[in-house]
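Dumped input.cif below, it's mmCIF, C-alpha atoms:
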data_query
loop_
_atom_site.label_atom_id
_atom_site.label_comp_id
_atom_site.auth_asym_id
_atom_site.auth_seq_id
_atom_site.Cartn_x
_atom_site.Cartn_y
_atom_site.Cartn_z
CA MET A 82 16.07 -14.11 -7.14
CA ASN A 83 13.81 -11.96 -9.28
CA GLU A 84 10.42 -10.58 -8.35
CA GLU A 85 8.51 -13.16 -10.38
CA HIS A 86 10.40 -15.98 -8.69
CA ILE A 87 9.78 -14.54 -5.21
CA ARG A 88 6.06 -14.30 -5.84
CA ALA A 89 5.93 -17.83 -7.24
CA ARG A 90 7.71 -19.10 -4.13
CA PHE A 91 5.32 -17.19 -1.89
CA GLU A 92 2.35 -18.62 -3.77
CA ILE A 93 3.67 -22.15 -3.41
CA LEU A 94 4.76 -22.00 0.24
CA ILE A 95 2.47 -19.48 1.94
CA LEU A 96 -0.81 -19.17 0.02
CA PRO A 97 -1.88 -22.80 0.70
CA LEU A 98 -1.72 -22.08 4.45
CA MET A 99 -4.56 -19.58 4.30
CA ASN A 100 -7.00 -21.98 5.91
CA ASP A 101 -4.76 -22.21 8.98
CA ALA A 102 -4.25 -18.46 9.00
CA TYR A 103 -7.99 -17.91 8.88
CA ASN A 104 -8.64 -20.45 11.62
CA LEU A 105 -6.16 -18.81 13.99
CA ALA A 106 -7.41 -15.32 13.20
CA ARG A 107 -11.00 -16.45 13.65
CA TRP A 108 -10.21 -17.93 17.07
CA LEU A 109 -8.25 -14.91 18.21
CA MET A 110 -10.64 -12.25 16.89
CA ARG A 111 -13.86 -14.21 17.59
CA SER A 112 -15.56 -12.58 14.58
CA PRO A 113 -15.66 -13.75 10.95
CA GLN A 114 -15.34 -10.27 9.49
CA ASP A 115 -12.38 -9.35 11.70
CA ALA A 116 -10.76 -12.67 10.86
CA GLU A 117 -11.04 -11.93 7.13
CA ASP A 118 -9.51 -8.51 7.58
CA MET A 119 -6.68 -9.96 9.65
CA VAL A 120 -5.94 -12.63 7.05
CA GLN A 121 -5.76 -10.05 4.29
CA GLU A 122 -3.54 -7.76 6.31
CA SER A 123 -1.35 -10.65 7.49
CA TYR A 124 -0.82 -11.89 3.96
CA LEU A 125 0.14 -8.45 2.69
CA ARG A 126 2.61 -8.15 5.54
CA ALA A 127 3.87 -11.66 4.97
CA PHE A 128 4.48 -10.86 1.33
CA LYS A 129 6.34 -7.67 2.21
CA PHE A 130 8.49 -9.48 4.76
CA PHE A 131 8.96 -12.57 2.62
CA ASN A 132 12.64 -11.75 2.15
CA SER A 133 13.02 -12.51 5.88
CA PHE A 134 11.79 -16.04 5.18
CA HIS A 135 14.79 -18.30 4.86
CA GLU A 136 15.20 -21.83 3.65
CA GLY A 137 14.59 -24.21 6.54
CA THR A 138 12.05 -21.96 8.28
CA ASN A 139 8.76 -23.66 9.00
CA PRO A 140 6.35 -21.80 6.69
CA LYS A 141 3.31 -22.47 8.84
CA ALA A 142 4.93 -21.23 12.07
CA TRP A 143 6.36 -18.26 10.18
CA LEU A 144 2.98 -17.26 8.75
CA LEU A 145 1.00 -17.91 11.94
CA ARG A 146 3.38 -15.72 13.88
CA ILE A 147 2.56 -12.85 11.52
CA VAL A 148 -1.16 -13.60 11.78
CA ARG A 149 -0.93 -13.73 15.55
CA ASN A 150 0.95 -10.44 15.78
CA THR A 151 -1.46 -8.74 13.39
CA CYS A 152 -4.40 -9.92 15.48
CA TYR A 153 -2.79 -8.84 18.73
CA THR A 154 -2.14 -5.38 17.34
CA ALA A 155 -5.80 -5.08 16.35
CA LEU A 156 -6.97 -6.47 19.69
CA ALA A 157 -4.74 -4.09 21.63
CA GLY A 158 -6.24 -1.14 19.75
CA ARG A 159 -9.72 -2.45 20.49
CA GLU A 160 -8.96 -3.06 24.16
CA LYS A 161 -7.95 0.58 24.47
CA LYS A 162 -11.31 1.60 23.01
CA ARG A 163 -13.22 -0.89 25.11
CA ARG A 164 -11.91 0.59 28.33
CA GLU A 165 -13.75 3.77 27.45
CA VAL A 166 -17.07 1.88 27.29
CA PRO A 167 -19.29 2.28 30.38
CA LEU A 168 -19.20 -0.64 32.81
CA GLU A 169 -22.80 -1.83 32.49
CA GLU A 170 -22.36 -2.36 28.73
CA GLU A 171 -19.26 -4.38 29.40
CA ALA A 172 -21.14 -6.58 31.85
CA ASN A 173 -23.43 -7.73 29.02
CA GLU A 174 -20.49 -9.20 27.18
CA ILE A 175 -19.76 -11.84 29.81
CA PRO A 176 -20.52 -15.13 28.07
CA ASP A 177 -22.95 -17.73 29.29
CA THR A 178 -20.91 -20.44 31.02
CA SER A 179 -23.69 -22.91 31.66
CA ALA A 180 -22.49 -25.65 29.38
CA SER A 181 -24.55 -28.82 29.36
CA PRO A 182 -22.99 -32.17 30.24
CA LEU A 183 -21.48 -33.66 27.14
CA THR A 184 -22.96 -37.09 27.59
CA THR A 185 -26.42 -35.80 26.66
CA LEU A 186 -25.32 -33.75 23.67
CA SER A 187 -25.66 -34.59 20.00
CA LYS A 188 -22.55 -34.54 17.86
CA GLN A 189 -23.18 -31.08 16.42
CA ALA A 190 -24.08 -29.70 19.82
CA THR A 191 -20.81 -31.15 21.12
CA VAL A 192 -18.86 -29.21 18.52
CA GLU A 193 -20.70 -26.05 19.53
CA ALA A 194 -20.10 -26.68 23.22
CA VAL A 195 -16.38 -27.25 22.66
CA ARG A 196 -16.15 -24.15 20.52
CA ALA A 197 -17.90 -22.11 23.19
CA ALA A 198 -15.57 -23.49 25.84
CA VAL A 199 -12.43 -22.68 23.85
CA ALA A 200 -13.77 -19.24 22.94
CA GLU A 201 -14.19 -18.54 26.63
CA LEU A 202 -10.51 -19.06 27.44
CA ASP A 203 -8.21 -16.12 27.96
CA VAL A 204 -6.46 -15.31 24.73
CA ASP A 205 -3.04 -16.68 25.88
CA PHE A 206 -4.54 -20.07 26.68
CA ARG A 207 -6.85 -19.98 23.69
CA GLU A 208 -4.06 -19.47 21.19
CA ALA A 209 -1.92 -22.20 22.77
CA ILE A 210 -4.84 -24.65 22.59
CA VAL A 211 -5.73 -23.69 19.01
CA LEU A 212 -2.14 -23.93 17.81
CA ARG A 213 -1.62 -27.28 19.50
CA GLU A 214 -4.95 -29.04 19.05
CA LEU A 215 -6.33 -27.55 15.88
CA GLU A 216 -3.14 -26.63 14.03
CA GLY A 217 -1.05 -29.49 15.35
CA LEU A 218 2.04 -27.37 16.05
CA SER A 219 4.84 -28.70 18.26
CA TYR A 220 5.74 -26.92 21.50
CA LYS A 221 8.77 -25.44 19.78
CA GLU A 222 6.66 -24.10 16.92
CA ILE A 223 4.09 -22.68 19.33
CA SER A 224 6.90 -20.97 21.19
CA GLU A 225 8.07 -19.44 17.89
CA VAL A 226 4.60 -18.25 16.95
CA THR A 227 3.71 -16.80 20.33
CA CYS A 228 7.19 -15.49 21.18
CA VAL A 229 7.35 -17.16 24.62
CA PRO A 230 9.66 -19.89 26.02
CA ILE A 231 8.65 -23.54 25.69
CA GLY A 232 8.09 -23.73 29.47
CA THR A 233 5.45 -21.03 29.17
CA VAL A 234 3.82 -22.84 26.26
CA MET A 235 3.62 -25.96 28.40
CA SER A 236 2.06 -24.23 31.37
CA ARG A 237 -0.44 -22.35 29.18
CA LEU A 238 -1.54 -25.58 27.56
CA SER A 239 -1.87 -27.25 30.91
CA ARG A 240 -3.91 -24.46 32.45
CA GLY A 241 -6.02 -24.07 29.31
CA ARG A 242 -6.85 -27.76 29.34
CA ASN A 243 -7.67 -27.70 33.03
CA HIS A 244 -10.09 -24.89 32.35
CA LEU A 245 -11.68 -26.68 29.40
CA ALA A 246 -12.07 -29.86 31.44
CA LEU A 247 -13.81 -27.84 34.12
CA ILE A 248 -16.26 -26.37 31.63
CA LEU A 249 -16.83 -29.43 29.47
CA PHE A 250 -16.86 -32.28 31.92
CA ASP A 251 -19.08 -32.00 34.88
CA ARG A 252 -17.82 -33.63 38.04
CA ARG A 253 -19.68 -36.86 37.36
CA THR A 254 -18.35 -37.26 33.84
CA VAL A 255 -14.78 -36.68 34.95
CA ASP A 256 -15.22 -39.19 37.76
CA GLN A 257 -16.62 -41.74 35.35
CA LEU A 258 -13.65 -41.41 33.03
CA MET B 9 7.69 -40.30 40.22
CA ASN B 10 5.14 -38.72 42.54
CA CYS B 11 1.67 -37.48 41.58
CA GLN B 12 2.68 -33.83 41.30
CA GLU B 13 5.54 -34.66 38.92
CA CYS B 14 3.20 -36.86 36.94
CA ARG B 15 0.63 -34.04 36.56
CA ASP B 16 3.40 -31.70 35.42
CA PHE B 17 4.43 -34.19 32.76
CA ILE B 18 0.98 -35.29 31.67
CA ASP B 19 0.47 -32.63 29.00
CA PRO B 20 3.83 -33.13 27.28
CA PHE B 21 3.12 -36.84 27.64
CA VAL B 22 -0.16 -36.69 25.69
CA ASP B 23 1.44 -34.27 23.24
CA SER B 24 4.37 -36.69 22.65
CA GLU B 25 6.78 -33.98 23.70
CA LEU B 26 8.50 -35.99 26.44
CA GLY B 27 11.82 -37.72 26.08
CA PRO B 28 11.54 -41.54 26.12
CA GLY B 29 12.89 -41.83 29.69
CA ASP B 30 10.29 -39.42 31.14
CA ALA B 31 7.53 -40.98 29.06
CA ILE B 32 8.22 -44.41 30.50
CA ARG B 33 8.23 -43.01 34.06
CA VAL B 34 4.85 -41.29 33.48
CA GLN B 35 3.44 -44.52 32.04
CA GLN B 36 4.66 -46.50 35.04
CA HIS B 37 3.13 -43.99 37.46
CA VAL B 38 -0.34 -43.89 35.83
CA ASP B 39 -0.34 -47.69 35.67
CA SER B 40 -0.06 -47.75 39.44
CA CYS B 41 -2.05 -44.61 40.42
CA ALA B 42 -5.82 -44.45 39.84
CA ASP B 43 -6.08 -40.65 40.36
CA CYS B 44 -3.40 -39.90 37.84
CA ARG B 45 -4.90 -42.46 35.48
CA ASN B 46 -8.21 -40.56 35.65
CA TYR B 47 -6.39 -37.33 35.09
CA LEU B 48 -4.75 -38.80 31.99
CA ARG B 49 -8.10 -40.12 30.73
CA SER B 50 -9.64 -36.71 31.15
CA ARG B 51 -6.83 -35.29 29.04
CA GLU B 52 -7.30 -37.98 26.42
CA ALA B 53 -11.05 -37.33 26.30
CA LEU B 54 -10.35 -33.65 25.85
CA ARG B 55 -7.97 -34.50 23.07
CA VAL B 56 -10.70 -36.46 21.29
CA LEU B 57 -13.10 -33.54 21.58
CA LEU B 58 -10.56 -30.97 20.38
CA GLY B 59 -9.34 -33.28 17.65
CA ASN B 60 -12.66 -32.99 15.86
CA PRO B 61 -11.79 -31.41 12.49
CA GLN B 62 -15.14 -29.62 12.54
CA LEU B 63 -13.78 -27.30 15.21
CA LYS B 64 -11.56 -25.66 12.69
CA PHE B 65 -13.25 -22.70 11.05
CA GLU B 66 -13.75 -23.00 7.32
CA ILE B 67 -12.25 -20.20 5.33
CA PRO B 68 -14.85 -18.08 3.46
CA GLU B 69 -14.88 -19.10 -0.18
CA ALA B 70 -14.05 -15.67 -1.57
CA LEU B 71 -11.13 -14.91 0.74
CA PRO B 72 -8.29 -16.74 -1.06
CA GLY B 73 -9.18 -14.94 -4.28
CA LYS B 74 -9.23 -11.57 -2.55
CA VAL B 75 -5.86 -12.20 -0.95
CA SER B 76 -4.17 -13.38 -4.16
CA THR B 77 -5.53 -10.37 -6.02
CA ARG B 78 -4.22 -7.97 -3.42
CA ILE B 79 -0.81 -9.61 -3.48
CA ARG B 80 -0.67 -9.43 -7.25
CA LEU B 81 -1.68 -5.77 -7.10
CA LEU B 82 0.99 -5.20 -4.51
CA SER B 83 3.72 -6.67 -6.69
CA SER B 84 2.56 -5.51 -10.13
CA PRO B 85 2.30 -1.67 -9.94
CA ALA B 86 6.02 -1.33 -9.38
CA LYS B 87 6.71 -3.54 -12.36
CA GLU B 88 4.29 -1.63 -14.58
CA ARG B 89 5.91 1.61 -13.55
CA VAL B 90 9.32 0.32 -14.57
CA VAL B 91 8.02 -0.94 -17.89
CA ARG B 92 6.27 2.35 -18.63
CA LYS B 93 9.35 4.32 -17.72
CA TYR B 94 11.45 2.34 -20.16
CA SER B 95 8.87 2.36 -22.93
CA THR B 96 8.51 6.17 -22.79
CA ARG B 97 12.24 6.55 -22.80
CA TRP B 98 12.73 4.38 -25.87
CA VAL B 99 9.78 5.81 -27.75
CA TYR B 100 11.29 9.28 -27.41
CA VAL B 101 14.63 8.39 -28.99
CA PRO B 102 13.42 7.96 -32.60
CA LEU B 103 10.94 10.82 -32.11
CA ALA B 104 13.66 13.15 -30.96
CA LEU B 105 15.90 12.05 -33.85
CA ALA B 106 13.18 12.62 -36.42
CA ALA B 107 12.35 16.01 -34.93
CA SER B 108 16.01 17.06 -34.97
CA ILE B 109 16.44 16.10 -38.61
CA LEU B 110 13.22 17.89 -39.59
CA LEU B 111 14.28 20.98 -37.69
CA LEU B 112 17.70 20.97 -39.33
CA PHE B 113 16.25 20.79 -42.86
CA SER B 114 13.63 23.43 -42.09
CA LEU B 115 16.27 25.74 -40.73
CA LEU B 116 18.39 25.32 -43.84
CA LEU B 117 15.40 25.99 -46.11
CA LEU B 118 14.07 28.94 -44.17
CA ASN B 119 17.49 30.43 -43.79
CA LYS B 120 17.57 30.71 -47.57
CA ASN B 121 14.16 32.41 -47.71
CA ASP B 122 14.85 34.95 -44.98
CA ARG B 123 18.46 35.49 -45.78
CA PHE B 124 18.33 39.26 -45.22
CA GLU B 125 17.54 38.98 -41.53
CA PRO B 126 20.44 39.23 -39.11
CA LEU B 127 21.63 35.83 -38.01
CA ASN B 128 21.04 36.34 -34.28
CA THR B 129 17.40 37.28 -34.91
CA HIS B 130 17.07 34.07 -36.85
CA SER B 131 18.27 31.93 -34.06
CA LEU B 132 16.16 33.85 -31.55
CA VAL B 133 13.00 33.33 -33.62
CA ASP B 134 13.76 29.63 -33.68
CA GLU B 135 14.39 29.66 -29.98
CA VAL B 136 11.10 31.42 -29.33
CA VAL B 137 9.20 28.97 -31.51
CA ALA B 138 10.99 26.04 -29.92
CA SER B 139 10.09 27.38 -26.50
CA HIS B 140 6.47 27.77 -27.55
CA VAL B 141 6.34 24.23 -28.94
CA ARG B 142 7.99 22.84 -25.81
CA SER B 143 5.47 24.61 -23.60
CA MET B 144 2.68 22.96 -25.56
CA LEU B 145 4.21 19.48 -25.51
CA ALA B 146 5.25 19.14 -21.92
CA SER B 147 2.86 19.63 -19.08
CA HIS B 148 4.74 22.82 -18.41
CA LEU B 149 2.62 25.49 -19.99
CA LEU B 150 1.91 27.25 -16.73
CA ASP B 151 3.78 27.72 -13.47
CA VAL B 152 1.06 30.01 -12.22
CA PRO B 153 -2.35 29.21 -13.66
CA SER B 154 -4.51 32.26 -13.19
CA THR B 155 -6.74 34.47 -15.28
CA ASP B 156 -6.08 37.32 -12.89
CA GLN B 157 -3.29 39.69 -13.89
CA HIS B 158 -2.99 40.73 -10.23
CA THR B 159 -2.10 37.15 -9.37
CA VAL B 160 0.24 36.53 -12.27
CA LYS B 161 2.25 39.73 -11.94
CA PRO B 162 3.21 39.37 -8.26
CA TRP B 163 4.05 35.72 -8.88
CA PHE B 164 7.07 36.82 -10.94
CA ASP B 165 8.37 38.96 -8.06
CA GLY B 166 11.41 37.37 -6.57
CA LYS B 167 11.68 34.89 -9.40
CA LEU B 168 12.95 37.39 -11.93
CA LYS B 169 15.23 40.40 -11.75
CA PHE B 170 12.52 42.49 -13.37
CA ALA B 171 8.79 43.04 -12.96
CA PRO B 172 7.01 42.25 -16.23
CA PRO B 173 3.87 44.21 -17.10
CA VAL B 174 0.90 41.82 -17.11
CA GLN B 175 -2.40 42.62 -18.71
CA ASP B 176 -5.50 40.65 -19.55
CA PHE B 177 -7.25 41.20 -22.89
CA ALA B 178 -10.20 38.88 -22.36
CA ASP B 179 -12.56 41.61 -23.60
CA ASN B 180 -10.76 41.54 -26.94
CA GLY B 181 -10.75 37.75 -27.17
CA PHE B 182 -7.27 37.17 -25.74
CA ARG B 183 -7.71 35.73 -22.30
CA LEU B 184 -4.79 35.63 -19.88
CA ILE B 185 -4.56 32.09 -18.47
CA GLY B 186 -1.32 32.31 -16.51
CA GLY B 187 2.44 32.63 -16.61
CA ARG B 188 5.66 30.73 -16.14
CA LEU B 189 9.39 31.16 -16.10
CA ASP B 190 11.29 30.35 -19.28
CA TYR B 191 14.78 30.67 -20.65
CA LEU B 192 15.58 32.54 -23.85
CA ASP B 193 18.55 34.32 -25.36
CA GLY B 194 20.73 33.12 -22.47
CA GLN B 195 18.58 34.56 -19.71
CA GLU B 196 15.52 33.95 -17.62
CA VAL B 197 12.45 35.49 -19.12
CA ALA B 198 8.81 35.92 -18.21
CA ALA B 199 6.33 33.92 -20.25
CA LEU B 200 2.74 35.15 -20.26
CA VAL B 201 0.21 32.74 -21.65
CA TYR B 202 -2.96 33.86 -23.42
CA GLN B 203 -5.73 31.92 -25.00
CA ARG B 204 -7.44 32.81 -28.28
CA ASN B 205 -10.33 30.42 -28.85
CA LYS B 206 -8.53 27.07 -28.65
CA HIS B 207 -5.13 28.49 -29.48
CA ILE B 208 -2.38 29.33 -27.07
CA ILE B 209 -0.25 32.46 -27.37
CA ASN B 210 3.05 32.59 -25.55
CA VAL B 211 4.43 36.06 -24.86
CA PHE B 212 8.06 36.17 -23.81
CA LEU B 213 9.48 39.36 -22.40
CA TRP B 214 12.69 40.48 -20.79
CA PRO B 215 14.47 43.81 -20.35
CA ALA B 216 15.81 45.31 -23.59
CA GLU B 217 19.44 46.34 -23.67
CA SER B 218 18.98 49.54 -25.65
CA GLY B 219 15.75 50.71 -24.10
CA ALA B 220 14.70 52.05 -27.49
CA ASN B 221 11.23 51.32 -28.86
CA GLU B 222 11.19 49.03 -31.87
CA SER B 223 8.37 48.57 -34.35
CA PRO B 224 6.89 45.10 -34.67
CA ARG B 225 8.54 42.61 -36.96
CA SER B 226 6.72 39.50 -38.07
CA PHE B 227 8.20 36.09 -38.73
CA SER B 228 6.82 32.74 -39.65
CA ARG B 229 8.34 29.42 -38.68
CA TYR B 230 7.01 25.88 -39.19
CA GLY B 231 3.43 27.14 -39.25
CA TYR B 232 3.88 29.35 -36.20
CA ASN B 233 3.63 33.12 -36.32
CA VAL B 234 6.01 35.26 -34.36
CA ILE B 235 5.93 38.99 -33.69
CA GLN B 236 8.74 40.83 -31.98
CA TRP B 237 8.86 44.40 -30.75
CA ALA B 238 10.47 46.54 -28.05
CA ARG B 239 8.63 48.92 -25.80
CA ASP B 240 8.93 50.42 -22.31
CA GLY B 241 12.41 48.91 -21.98
CA PHE B 242 11.27 45.34 -22.68
CA ASN B 243 11.81 42.96 -25.55
CA TRP B 244 8.48 41.36 -26.46
CA TRP B 245 8.06 38.18 -28.41
CA ALA B 246 4.64 36.80 -29.13
CA VAL B 247 4.35 33.36 -30.69
CA SER B 248 1.33 31.26 -31.61
CA ASP B 249 -0.36 29.12 -34.21
CA VAL B 250 -3.18 31.71 -34.51
CA SER B 251 -3.35 33.54 -37.86
CA ALA B 252 -0.81 36.27 -38.54
CA ALA B 253 -3.67 38.84 -38.51
CA ASP B 254 -4.87 37.66 -35.08
CA LEU B 255 -1.38 37.78 -33.69
CA GLU B 256 -0.85 41.32 -35.09
CA GLY B 257 -4.12 42.36 -33.47
CA PHE B 258 -2.89 40.93 -30.17
CA ALA B 259 0.50 42.68 -30.54
CA ASP B 260 -1.31 45.97 -31.11
CA LEU B 261 -3.24 45.53 -27.85
CA GLU B 262 -0.05 44.75 -25.94
CA ARG B 263 1.81 47.70 -27.46
CA ARG B 264 -0.97 50.13 -26.62
CA GLY B 265 -0.98 48.70 -23.09
#
What would the structure in this file look like if it were written as structure tokens?
Amino acid sequence: MNEEHIRARFEILILPLMNDAYNLARWLMRSPQDAEDMVQESYLRAFKFFNSFHEGTNPKAWLLRIVRNTCYTALAGREKKRREVPLEEEANEIPDTSASPLTTLSKQATVEAVRAAVAELDVDFREAIVLRELEGLSYKEISEVTCVPIGTVMSRLSRGRNHLALILFDRRTVDQL
Amino acid sequence: MNCQECRDFIDPFVDSELGPGDAIRVQQHVDSCADCRNYLRSREALRVLLGNPQLKFEIPEALPGKVSTRIRLLSSPAKERVVRKYSTRWVYVPLALAASILLLFSLLLLNKNDRFEPLNTHSLVDEVVASHVRSMLASHLLDVPSTDQHTVKPWFDGKLKFAPPVQDFADNGFRLIGGRLDYLDGQEVAALVYQRNKHIINVFLWPAESGANESPRSFSRYGYNVIQWARDGFNWWAVSDVSAADLEGFADLERRG
């Protein structure tokens, strides 16, 4: 397979998935600029490693795994820096958890509330939720992307959803359901 | 199925990841258990909320273009390099052929004109001119670019079996610009490079066998002037496209030291 052919194949299979790549990066990095950087870096890496992409591989899972690893590398570097930040500055970063009951929210406000709730999850749960609910990946695909067994995927989804339910549905709403 | 089992299976159940047998058992349990039914409803409500396509972040408009460009850049430089390498190679073949033929004819013609010179001098003059031309063509004029004779002279130490005398004649309009190693008459020689206005003068020198002083002899080849002499145990060859008078003036400076 010549170089031209490889690039054409990459453009057909991988480039159209950029929206998904951006979405995952955006959820993991929690910043638009970082997400853009991660997508660019991930795509360059994906192109370099494209010879490791074999027929029958799920292109979306293959790409998202690269995106996920790229983001984790960046986050790990940042975490190291963050630990050097004085404690009182860190305290300011704790997000506001006072979400309003959904029943009273407008549609747009609902979207914002759900986004805030998902953003609040620990990154392990967050990525499982995003891959499952927003990207529609199967448990097997999520396990491929996140490099953990299917059992772990299942328990992360379960705990993530429990947490979201706690934030999004106040006691009354849950009881009413 | 008890409640705990049902809760464990509820997520794969809503995600359609359960086998049909387990799915039926979960369904039967929630049909008969109000708590677990509520739990399932909560999950289904969550699913509705998270299923909103608006939750997905929209990719910035410019990003796909940026990424494609970077990928094309990543894959194209290598290709361009290969193409350039081949094109240079093939361009040089006819050039080299033409140059060889021209040189051959010139040699035959000039051999007739200067037929009284000894043959080995002939070939050496050609070699000196060829060396000069080569130094101008390739980016190999200087190994040690320096206008300082005290930099150029020590540079040759250890690279040659002899220590060539290096002098700058900038005051007389011949500026030393550096030196390099070259190969002439079957041996390594020192090449000193001078500049006269925009012209380059190559001076080749290596130890003379006889050690006797020789008066300057002038030659002309393909528009280049060459002067050869021997002094202080060195063979000196100066070659340039400056006028014969300029080159003689330069040779005089070198010979006086």
For chain B against chain A, with a cut-off of 6 Å and counting only C-alpha atoms, what is the closest atom pair and its distance in Å to one decimal for every residue that makes the cut, ordered by chain and number, as a Markdown table?
| residue | atom | partner | partner_atom | distance |
| --- | --- | --- | --- | --- |
| B:Phe65 | CA | A:Asn104 | CA | 5.2 |
| B:Ile67 | CA | A:Asn100 | CA | 5.6 |
| B:Val75 | CA | A:Gln121 | CA | 5.7 |
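If all atoms listed in the file are the atoms counted, then among B:Gly219, B:Gly231, B:Pro20, B:Gly265 the closest residue to Val174 (chain B) is B:Gly265.
We find CA of Ser223 (chain B) and CA of Ser248 (chain B) to be spaced 18.9 Å apart.
Note that CA of Met119 (chain A) and CA of Thr77 (chain B) are 15.7 Å apart.
When all atoms listed in the file are used to compute distances to Thr129 (chain B), the closest of the residues B:Ala199, B:Val141, B:Leu81, B:Val234 turns out to be B:Val234.
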Report task. Report as a PyMOL selection string the full result of the PyMOL selection byres ((chain B and resi 144) around 12) when it is applied to this structure. Result -> chain B and resi 137-143+145-150+201+207-210+247-249
Generate a file of the selected residues that holds C-alpha atoms, formatted as a compact mmCIF listing (two decimals), keeping the file's coordinate frame.
# COMPACT_ATOMS: atom_id res chain seq x y z
CA VAL B 137 9.20 28.97 -31.51
CA ALA B 138 10.99 26.04 -29.92
CA SER B 139 10.09 27.38 -26.50
CA HIS B 140 6.47 27.77 -27.55
CA VAL B 141 6.34 24.23 -28.94
CA ARG B 142 7.99 22.84 -25.81
CA SER B 143 5.47 24.61 -23.60
CA LEU B 145 4.21 19.48 -25.51
CA ALA B 146 5.25 19.14 -21.92
CA SER B 147 2.86 19.63 -19.08
CA HIS B 148 4.74 22.82 -18.41
CA LEU B 149 2.62 25.49 -19.99
CA LEU B 150 1.91 27.25 -16.73
CA VAL B 201 0.21 32.74 -21.65
CA HIS B 207 -5.13 28.49 -29.48
CA ILE B 208 -2.38 29.33 -27.07
CA ILE B 209 -0.25 32.46 -27.37
CA ASN B 210 3.05 32.59 -25.55
CA VAL B 247 4.35 33.36 -30.69
CA SER B 248 1.33 31.26 -31.61
CA ASP B 249 -0.36 29.12 -34.21
Enclose all atoms of region 213-227 of chain A listed in the file in an axis-aligned box, grow every side by 8 Å, and hand back centre and edge lengths in Å to one decimal, as AutoDock Vina command-line options.
--center_x 1.2 --center_y -23.1 --center_z 17.8 --size_x 31.1 --size_y 28.7 --size_z 23.5
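We find CA of Thr155 (chain B) and CA of Leu184 (chain B) to be spaced 5.1 Å apart.
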